$ cat protein_10.pdb   # PDB, C-alpha atoms and all ligand atoms
MODEL        1
ATOM      1  CA  MET L   1     116.023-107.442 -14.329  1.00  0.00           C
ATOM      2  CA  ASN L   2     116.325-106.013 -10.821  1.00  0.00           C
ATOM      3  CA  ALA L   3     113.473-104.783  -8.645  1.00  0.00           C
ATOM      4  CA  ARG L   4     114.073-101.166  -9.434  1.00  0.00           C
ATOM      5  CA  THR L   5     113.912-101.645 -13.177  1.00  0.00           C
ATOM      6  CA  THR L   6     110.712-103.607 -12.743  1.00  0.00           C
ATOM      7  CA  ARG L   7     109.103-100.797 -10.784  1.00  0.00           C
ATOM      8  CA  THR L   8     110.126 -98.187 -13.316  1.00  0.00           C
ATOM      9  CA  LEU L   9     108.792-100.317 -16.119  1.00  0.00           C
ATOM     10  CA  ALA L  10     105.521-100.849 -14.271  1.00  0.00           C
ATOM     11  CA  ALA L  11     105.172 -97.113 -13.742  1.00  0.00           C
ATOM     12  CA  ALA L  12     105.833 -96.446 -17.398  1.00  0.00           C
ATOM     13  CA  LEU L  13     103.274 -99.021 -18.425  1.00  0.00           C
ATOM     14  CA  SER L  14     100.596 -97.669 -16.133  1.00  0.00           C
ATOM     15  CA  LEU L  15     101.230 -94.166 -17.455  1.00  0.00           C
ATOM     16  CA  THR L  16     100.784 -95.431 -20.999  1.00  0.00           C
ATOM     17  CA  ALA L  17      97.561 -97.128 -19.982  1.00  0.00           C
ATOM     18  CA  ALA L  18      96.236 -93.939 -18.387  1.00  0.00           C
ATOM     19  CA  LEU L  19      97.025 -91.962 -21.525  1.00  0.00           C
ATOM     20  CA  ALA L  20      95.308 -94.538 -23.687  1.00  0.00           C
ATOM     21  CA  ILE L  21      92.200 -94.412 -21.529  1.00  0.00           C
ATOM     22  CA  SER L  22      91.956 -90.627 -21.502  1.00  0.00           C
ATOM     23  CA  GLY L  23      92.573 -90.496 -25.256  1.00  0.00           C
ATOM     24  CA  CYS L  24      89.794 -92.996 -25.720  1.00  0.00           C
ATOM     25  CA  SER L  25      87.226 -91.169 -23.599  1.00  0.00           C
ATOM     26  CA  SER L  26      87.729 -87.888 -25.413  1.00  0.00           C
ATOM     27  CA  ASP L  27      86.997 -89.678 -28.701  1.00  0.00           C
ATOM     28  CA  ALA L  28      83.887 -91.288 -27.306  1.00  0.00           C
ATOM     29  CA  GLY L  29      81.845 -88.105 -27.450  1.00  0.00           C
ATOM     30  CA  GLY L  30      82.112 -88.012 -31.214  1.00  0.00           C
ATOM     31  CA  SER L  31      81.547 -91.594 -32.182  1.00  0.00           C
ATOM     32  CA  GLY L  32      80.432 -93.608 -29.190  1.00  0.00           C
ATOM     33  CA  ASP L  33      76.970 -92.128 -28.685  1.00  0.00           C
ATOM     34  CA  SER L  34      74.434 -94.254 -30.504  1.00  0.00           C
ATOM     35  CA  ALA L  35      71.833 -91.502 -30.115  1.00  0.00           C
ATOM     36  CA  GLY L  36      73.619 -89.555 -32.857  1.00  0.00           C
ATOM     37  CA  GLY L  37      76.896 -88.228 -31.535  1.00  0.00           C
ATOM     38  CA  LYS L  38      77.399 -84.606 -30.687  1.00  0.00           C
ATOM     39  CA  PRO L  39      75.211 -82.730 -28.255  1.00  0.00           C
ATOM     40  CA  LYS L  40      73.179 -79.923 -29.777  1.00  0.00           C
ATOM     41  CA  MET L  41      72.591 -76.688 -27.915  1.00  0.00           C
ATOM     42  CA  THR L  42      69.619 -74.382 -28.010  1.00  0.00           C
ATOM     43  CA  VAL L  43      69.932 -70.912 -26.575  1.00  0.00           C
ATOM     44  CA  SER L  44      67.062 -68.743 -25.393  1.00  0.00           C
ATOM     45  CA  GLY L  45      66.526 -65.374 -23.773  1.00  0.00           C
ATOM     46  CA  GLY L  46      69.894 -63.906 -24.732  1.00  0.00           C
ATOM     47  CA  TYR L  47      70.340 -60.269 -23.748  1.00  0.00           C
ATOM     48  CA  MET L  48      72.862 -57.629 -22.840  1.00  0.00           C
ATOM     49  CA  PRO L  49      71.973 -54.782 -20.489  1.00  0.00           C
ATOM     50  CA  GLU L  50      72.882 -51.525 -22.233  1.00  0.00           C
ATOM     51  CA  PRO L  51      76.550 -50.917 -21.411  1.00  0.00           C
ATOM     52  CA  VAL L  52      77.410 -47.773 -19.435  1.00  0.00           C
ATOM     53  CA  ASN L  53      80.521 -47.191 -21.536  1.00  0.00           C
ATOM     54  CA  ASP L  54      82.807 -49.043 -23.901  1.00  0.00           C
ATOM     55  CA  LYS L  55      84.837 -50.686 -21.135  1.00  0.00           C
ATOM     56  CA  MET L  56      82.731 -53.740 -20.399  1.00  0.00           C
ATOM     57  CA  ALA L  57      79.363 -55.387 -20.756  1.00  0.00           C
ATOM     58  CA  GLY L  58      77.688 -58.496 -19.473  1.00  0.00           C
ATOM     59  CA  ALA L  59      75.544 -60.984 -21.370  1.00  0.00           C
ATOM     60  CA  PHE L  60      72.981 -63.446 -20.089  1.00  0.00           C
ATOM     61  CA  MET L  61      71.094 -66.380 -21.606  1.00  0.00           C
ATOM     62  CA  VAL L  62      69.982 -69.934 -21.016  1.00  0.00           C
ATOM     63  CA  ILE L  63      71.872 -72.697 -22.847  1.00  0.00           C
ATOM     64  CA  LYS L  64      69.954 -75.946 -23.090  1.00  0.00           C
ATOM     65  CA  ASN L  65      71.467 -79.331 -23.843  1.00  0.00           C
ATOM     66  CA  ASP L  66      68.827 -81.759 -25.099  1.00  0.00           C
ATOM     67  CA  SER L  67      71.240 -84.626 -25.586  1.00  0.00           C
ATOM     68  CA  LYS L  68      72.446 -87.466 -23.412  1.00  0.00           C
ATOM     69  CA  THR L  69      75.995 -86.137 -23.589  1.00  0.00           C
ATOM     70  CA  ALA L  70      77.291 -83.655 -21.036  1.00  0.00           C
ATOM     71  CA  ASP L  71      79.235 -80.792 -22.571  1.00  0.00           C
ATOM     72  CA  LYS L  72      81.064 -77.626 -21.586  1.00  0.00           C
ATOM     73  CA  LEU L  73      80.907 -74.028 -22.694  1.00  0.00           C
ATOM     74  CA  THR L  74      84.544 -73.295 -23.438  1.00  0.00           C
ATOM     75  CA  GLY L  75      84.536 -69.833 -24.962  1.00  0.00           C
ATOM     76  CA  VAL L  76      82.607 -66.975 -26.521  1.00  0.00           C
ATOM     77  CA  THR L  77      83.501 -64.729 -29.445  1.00  0.00           C
ATOM     78  CA  SER L  78      81.850 -61.599 -30.850  1.00  0.00           C
ATOM     79  CA  PRO L  79      82.530 -58.929 -33.454  1.00  0.00           C
ATOM     80  CA  LEU L  80      81.919 -56.380 -30.666  1.00  0.00           C
ATOM     81  CA  SER L  81      84.993 -57.325 -28.618  1.00  0.00           C
ATOM     82  CA  ASP L  82      88.213 -59.261 -28.949  1.00  0.00           C
ATOM     83  CA  ASP L  83      88.156 -60.323 -25.323  1.00  0.00           C
ATOM     84  CA  LEU L  84      85.152 -62.205 -24.038  1.00  0.00           C
ATOM     85  CA  GLN L  85      85.354 -64.115 -20.792  1.00  0.00           C
ATOM     86  CA  ILE L  86      83.189 -66.573 -18.926  1.00  0.00           C
ATOM     87  CA  HIS L  87      82.647 -65.409 -15.364  1.00  0.00           C
ATOM     88  CA  GLU L  88      81.125 -66.982 -12.316  1.00  0.00           C
ATOM     89  CA  SER L  89      80.016 -65.013  -9.270  1.00  0.00           C
ATOM     90  CA  LYS L  90      81.067 -66.179  -5.852  1.00  0.00           C
ATOM     91  CA  ASP L  91      80.546 -64.183  -2.650  1.00  0.00           C
ATOM     92  CA  GLN L  92      79.522 -61.143  -4.723  1.00  0.00           C
ATOM     93  CA  LYS L  93      82.789 -61.258  -6.634  1.00  0.00           C
ATOM     94  CA  MET L  94      83.186 -62.417 -10.148  1.00  0.00           C
ATOM     95  CA  GLN L  95      86.017 -64.493 -11.436  1.00  0.00           C
ATOM     96  CA  GLN L  96      87.008 -65.866 -14.796  1.00  0.00           C
ATOM     97  CA  VAL L  97      86.657 -69.581 -15.457  1.00  0.00           C
ATOM     98  CA  HIS L  98      87.843 -71.460 -18.514  1.00  0.00           C
ATOM     99  CA  SER L  99      84.759 -73.571 -19.005  1.00  0.00           C
ATOM    100  CA  MET L 100      81.311 -74.154 -17.605  1.00  0.00           C
ATOM    101  CA  ASP L 101      79.353 -77.411 -17.530  1.00  0.00           C
ATOM    102  CA  VAL L 102      76.258 -77.832 -19.649  1.00  0.00           C
ATOM    103  CA  PRO L 103      74.812 -81.038 -18.156  1.00  0.00           C
ATOM    104  CA  ALA L 104      73.241 -83.796 -20.256  1.00  0.00           C
ATOM    105  CA  ASN L 105      69.494 -83.162 -20.599  1.00  0.00           C
ATOM    106  CA  GLY L 106      70.020 -79.992 -18.626  1.00  0.00           C
ATOM    107  CA  GLU L 107      70.851 -76.351 -18.959  1.00  0.00           C
ATOM    108  CA  LEU L 108      73.395 -73.736 -18.087  1.00  0.00           C
ATOM    109  CA  GLU L 109      71.782 -70.535 -16.911  1.00  0.00           C
ATOM    110  CA  LEU L 110      73.667 -67.299 -17.293  1.00  0.00           C
ATOM    111  CA  ALA L 111      71.792 -64.750 -15.202  1.00  0.00           C
ATOM    112  CA  ARG L 112      72.291 -61.575 -13.231  1.00  0.00           C
ATOM    113  CA  GLY L 113      74.099 -62.216  -9.984  1.00  0.00           C
ATOM    114  CA  GLY L 114      75.433 -65.535 -11.248  1.00  0.00           C
ATOM    115  CA  ASN L 115      77.295 -66.938 -14.195  1.00  0.00           C
ATOM    116  CA  HIS L 116      77.670 -64.611 -17.146  1.00  0.00           C
ATOM    117  CA  VAL L 117      79.570 -63.769 -20.276  1.00  0.00           C
ATOM    118  CA  MET L 118      81.694 -60.656 -19.938  1.00  0.00           C
ATOM    119  CA  PHE L 119      82.870 -58.427 -22.751  1.00  0.00           C
ATOM    120  CA  MET L 120      86.172 -56.795 -21.782  1.00  0.00           C
ATOM    121  CA  GLY L 121      86.494 -53.700 -23.966  1.00  0.00           C
ATOM    122  CA  LEU L 122      83.892 -52.888 -26.615  1.00  0.00           C
ATOM    123  CA  LYS L 123      84.494 -51.652 -30.150  1.00  0.00           C
ATOM    124  CA  ASN L 124      81.375 -49.498 -29.818  1.00  0.00           C
ATOM    125  CA  THR L 125      78.680 -48.926 -27.212  1.00  0.00           C
ATOM    126  CA  PRO L 126      75.400 -50.598 -28.191  1.00  0.00           C
ATOM    127  CA  LYS L 127      72.078 -48.953 -27.267  1.00  0.00           C
ATOM    128  CA  VAL L 128      68.735 -50.388 -26.193  1.00  0.00           C
ATOM    129  CA  GLY L 129      67.118 -52.082 -29.181  1.00  0.00           C
ATOM    130  CA  ASP L 130      70.428 -52.987 -30.854  1.00  0.00           C
ATOM    131  CA  LYS L 131      71.474 -56.572 -31.439  1.00  0.00           C
ATOM    132  CA  VAL L 132      74.846 -58.022 -30.569  1.00  0.00           C
ATOM    133  CA  THR L 133      75.989 -61.265 -32.150  1.00  0.00           C
ATOM    134  CA  VAL L 134      77.999 -63.744 -30.156  1.00  0.00           C
ATOM    135  CA  GLU L 135      79.217 -67.215 -30.996  1.00  0.00           C
ATOM    136  CA  LEU L 136      79.312 -69.805 -28.247  1.00  0.00           C
ATOM    137  CA  HIS L 137      81.970 -72.499 -28.407  1.00  0.00           C
ATOM    138  CA  PHE L 138      81.630 -75.871 -26.773  1.00  0.00           C
ATOM    139  CA  GLU L 139      83.914 -78.771 -26.065  1.00  0.00           C
ATOM    140  CA  LYS L 140      81.787 -81.154 -28.158  1.00  0.00           C
ATOM    141  CA  ALA L 141      78.792 -79.402 -29.707  1.00  0.00           C
ATOM    142  CA  ASP L 142      79.115 -77.266 -32.811  1.00  0.00           C
ATOM    143  CA  PRO L 143      79.426 -73.514 -32.210  1.00  0.00           C
ATOM    144  CA  VAL L 144      76.115 -71.675 -31.821  1.00  0.00           C
ATOM    145  CA  LYS L 145      75.485 -68.114 -33.009  1.00  0.00           C
ATOM    146  CA  VAL L 146      73.227 -66.070 -30.758  1.00  0.00           C
ATOM    147  CA  GLU L 147      71.708 -62.618 -31.224  1.00  0.00           C
ATOM    148  CA  LEU L 148      71.568 -60.764 -27.942  1.00  0.00           C
ATOM    149  CA  ASP L 149      68.924 -58.072 -27.497  1.00  0.00           C
ATOM    150  CA  VAL L 150      70.297 -54.970 -25.881  1.00  0.00           C
ATOM    151  CA  LYS L 151      67.946 -54.144 -23.000  1.00  0.00           C
ATOM    152  CA  GLU L 152      67.574 -51.380 -20.441  1.00  0.00           C
ATOM    153  CA  ARG L 153      70.202 -51.424 -17.711  1.00  0.00           C
ATOM    154  CA  THR L 154      67.709 -52.566 -15.106  1.00  0.00           C
ATOM    155  CA  TYR L 155      66.263 -55.363 -17.221  1.00  0.00           C
ATOM    156  CA  ASN L 156      66.273 -58.722 -15.503  1.00  0.00           C
ATOM    157  CA  ALA L 157      64.931 -61.767 -17.308  1.00  0.00           C
ATOM    158  CA  GLN L 158      64.223 -63.567 -14.043  1.00  0.00           C
ATOM    159  CA  ASN L 159      61.978 -60.772 -12.772  1.00  0.00           C
ATOM    160  CA  SER L 160      59.985 -60.612 -15.965  1.00  0.00           C
ATOM    161  CA  ASN L 161      59.500 -64.388 -15.920  1.00  0.00           C
ATOM    162  CA  GLY L 162      58.041 -64.144 -12.438  1.00  0.00           C
ATOM    163  CA  HIS L 163      54.999 -62.184 -13.657  1.00  0.00           C
TER     164      HIS L 163
HETATM  165 CU    CU C   1      82.013 -60.537 -15.013  1.00  0.00          CU
ENDMDL
END
$ encode --input "protein_10.pdb" --output "C-alpha cells" --more "lines below"
Ligand code: CU
Amino acid sequence: MNARTTRTLAAALSLTAALAISGCSSDAGGSGDSAGGKPKMTVSGGYMPEPVNDKMAGAFMVIKNDSKTADKLTGVTSPLSDDLQIHESKDQKMQQVHSMDVPANGELELARGGNHVMFMGLKNTPKVGDKVTVELHFEKADPVKVELDVKERTYNAQNSNGH
C-alpha cells in the first residue's frame, strides 16, 4: 500500500465515522432522553391580524418547550393557504427561513416586528372574530394544532400584555 492509497483510505474512513456520528445524534432525540423522549410544545396567544386582502396574512404566537430537548419549528400548514412560510425580520425586512429554534426549557416568540408565520395567498379573507386553524410541525415534537383568533389590524399582543 503506497502513501496515497493510505491517505484516501483514511479520508474514506473518517467520512464514514462522521456519517455514523451524525446518524446517531439524530436518533438520540427519540430514544436517548431518559426524561421521556420527545419534546412537547405548548402554544399560547395565537392570533392573526385581520388580513387586508386575500394575498397574505401574518400569524403570531408563543411556542413553549417545557422539555430538556431543544427542537426546531420546521413548517406550518393550514386549510386557509397552501403556502405558509416562516419569516424572520432583520433590518425592517422579512426573509424566509427553513426552521427556527425552540430552545430546551425555553420559548420561541412570534411577534409583530419579529419572527412570524406568513400565509402567502389565502383561500378566503377571514374577519375579526373568526378562527384560523394552523398545524405547527417540528423536527422532533409531534405536530401541534393551534386555533388563531382573528384580531383587529392594530392588535398587538405585546401592548396588551403591558397593561
Ligand atoms: Cu413575512
$ residues_around --input "protein_10.pdb" --residues "stretch 56-63 of chain L" --least-positions-apart "4" --cutoff "9 Å" --atoms "only C-alpha atoms" --output "ChimeraX atom specification"
/L:41-52,102,106-112,115-122,148,157
$ closest_residue --input "protein_10.pdb" --among "L:His98, L:Asp54, L:Gly113, L:Asp71" --to "ligand CU 1 (chain C)" --atoms "all atoms listed in the file"
L:Gly113
$ atom_distance --input "protein_10.pdb" --atom1 "atom CA of L:Gln85" --atom2 "atom CU of ligand CU 1 (chain C)"
7.6 Å
$ closest_residue --input "protein_10.pdb" --among "L:Glu88, L:Glu139, L:Asp130, L:Asp101" --to "ligand CU 1 (chain C)" --atoms "all atoms listed in the file"
L:Glu88
$ atom_distance --input "protein_10.pdb" --atom1 "atom CA of L:Lys131" --atom2 "atom CA of L:Gln95"
26.0 Å
$ atom_distance --input "protein_10.pdb" --atom1 "atom CA of L:Ile86" --atom2 "atom CA of L:Gly37"
25.8 Å
$ closest_residue --input "protein_10.pdb" --among "L:Asp66, L:Thr125, L:Lys55, L:Val132" --to "ligand CU 1 (chain C)" --atoms "only C-alpha atoms and all ligand atoms"
L:Lys55
$ resolve_selection --input "protein_10.pdb" --expression "the PyMOL selection byres (((chain L and resi 128) around 8) and not hetatm)" --output "list in words"
Pro49, Glu50, Pro126, Lys127, Gly129, Asp130, Asp149, Val150, Lys151 and Glu152 of chain L
$ write_last_selection --input "protein_10.pdb" --atoms "C-alpha atoms" --output "JSON list (two decimals), in the coordinates of the input"
[["chain", "number", "residue", "atom", "x", "y", "z"],
["L", 49, "PRO", "CA", 71.97, -54.78, -20.49],
["L", 50, "GLU", "CA", 72.88, -51.52, -22.23],
["L", 126, "PRO", "CA", 75.40, -50.60, -28.19],
["L", 127, "LYS", "CA", 72.08, -48.95, -27.27],
["L", 129, "GLY", "CA", 67.12, -52.08, -29.18],
["L", 130, "ASP", "CA", 70.43, -52.99, -30.85],
["L", 149, "ASP", "CA", 68.92, -58.07, -27.50],
["L", 150, "VAL", "CA", 70.30, -54.97, -25.88],
["L", 151, "LYS", "CA", 67.95, -54.14, -23.00],
["L", 152, "GLU", "CA", 67.57, -51.38, -20.44]]
$ resolve_selection --input "protein_10.pdb" --expression "the PyMOL selection byres (((chain L and resi 135) around 8) and not hetatm)" --output "list in words"
Val76, Thr77, Ser78, Thr133, Val134, Leu136, His137, Pro143, Val144, Lys145 and Val146 of chain L
$ build_atoms --input "protein_10.pdb" --residues "stretch 83-96 of chain L" --atoms "N, CA, C and O atoms" --output "compact mmCIF listing (two decimals), keeping the file's coordinate frame"
# COMPACT_ATOMS: atom_id res chain seq x y z
N ASP L 83 87.87 -59.65 -26.59
CA ASP L 83 88.16 -60.32 -25.32
C ASP L 83 86.85 -60.60 -24.58
O ASP L 83 86.34 -59.74 -23.87
N LEU L 84 86.34 -61.78 -24.78
CA LEU L 84 85.15 -62.20 -24.04
C LEU L 84 85.56 -63.27 -23.04
O LEU L 84 86.36 -64.15 -23.35
N GLN L 85 85.00 -63.17 -21.84
CA GLN L 85 85.35 -64.11 -20.79
C GLN L 85 84.10 -64.76 -20.24
O GLN L 85 83.01 -64.22 -20.36
N ILE L 86 84.28 -65.92 -19.64
CA ILE L 86 83.19 -66.57 -18.93
C ILE L 86 83.45 -66.34 -17.44
O ILE L 86 84.53 -66.68 -16.94
N HIS L 87 82.47 -65.74 -16.78
CA HIS L 87 82.65 -65.41 -15.36
C HIS L 87 81.64 -66.15 -14.51
O HIS L 87 80.50 -66.33 -14.90
N GLU L 88 82.07 -66.52 -13.33
CA GLU L 88 81.12 -66.98 -12.32
C GLU L 88 81.16 -65.99 -11.17
O GLU L 88 82.14 -65.27 -10.98
N SER L 89 80.08 -65.92 -10.41
CA SER L 89 80.02 -65.01 -9.27
C SER L 89 80.03 -65.84 -8.00
O SER L 89 79.22 -66.75 -7.84
N LYS L 90 80.97 -65.50 -7.15
CA LYS L 90 81.07 -66.18 -5.85
C LYS L 90 81.25 -65.12 -4.79
O LYS L 90 82.14 -64.28 -4.92
N ASP L 91 80.45 -65.16 -3.74
CA ASP L 91 80.55 -64.18 -2.65
C ASP L 91 80.57 -62.77 -3.20
O ASP L 91 81.40 -61.96 -2.81
N GLN L 92 79.68 -62.48 -4.14
CA GLN L 92 79.52 -61.14 -4.72
C GLN L 92 80.73 -60.70 -5.55
O GLN L 92 80.80 -59.55 -5.93
N LYS L 93 81.66 -61.62 -5.78
CA LYS L 93 82.79 -61.26 -6.63
C LYS L 93 82.75 -62.13 -7.86
O LYS L 93 82.37 -63.29 -7.78
N MET L 94 83.18 -61.55 -8.99
CA MET L 94 83.19 -62.42 -10.15
C MET L 94 84.60 -62.82 -10.49
O MET L 94 85.55 -62.11 -10.24
N GLN L 95 84.70 -64.03 -11.04
CA GLN L 95 86.02 -64.49 -11.44
C GLN L 95 85.90 -65.28 -12.73
O GLN L 95 84.88 -65.91 -13.01
N GLN L 96 86.99 -65.20 -13.50
CA GLN L 96 87.01 -65.87 -14.80
C GLN L 96 87.18 -67.37 -14.63
O GLN L 96 87.97 -67.81 -13.79
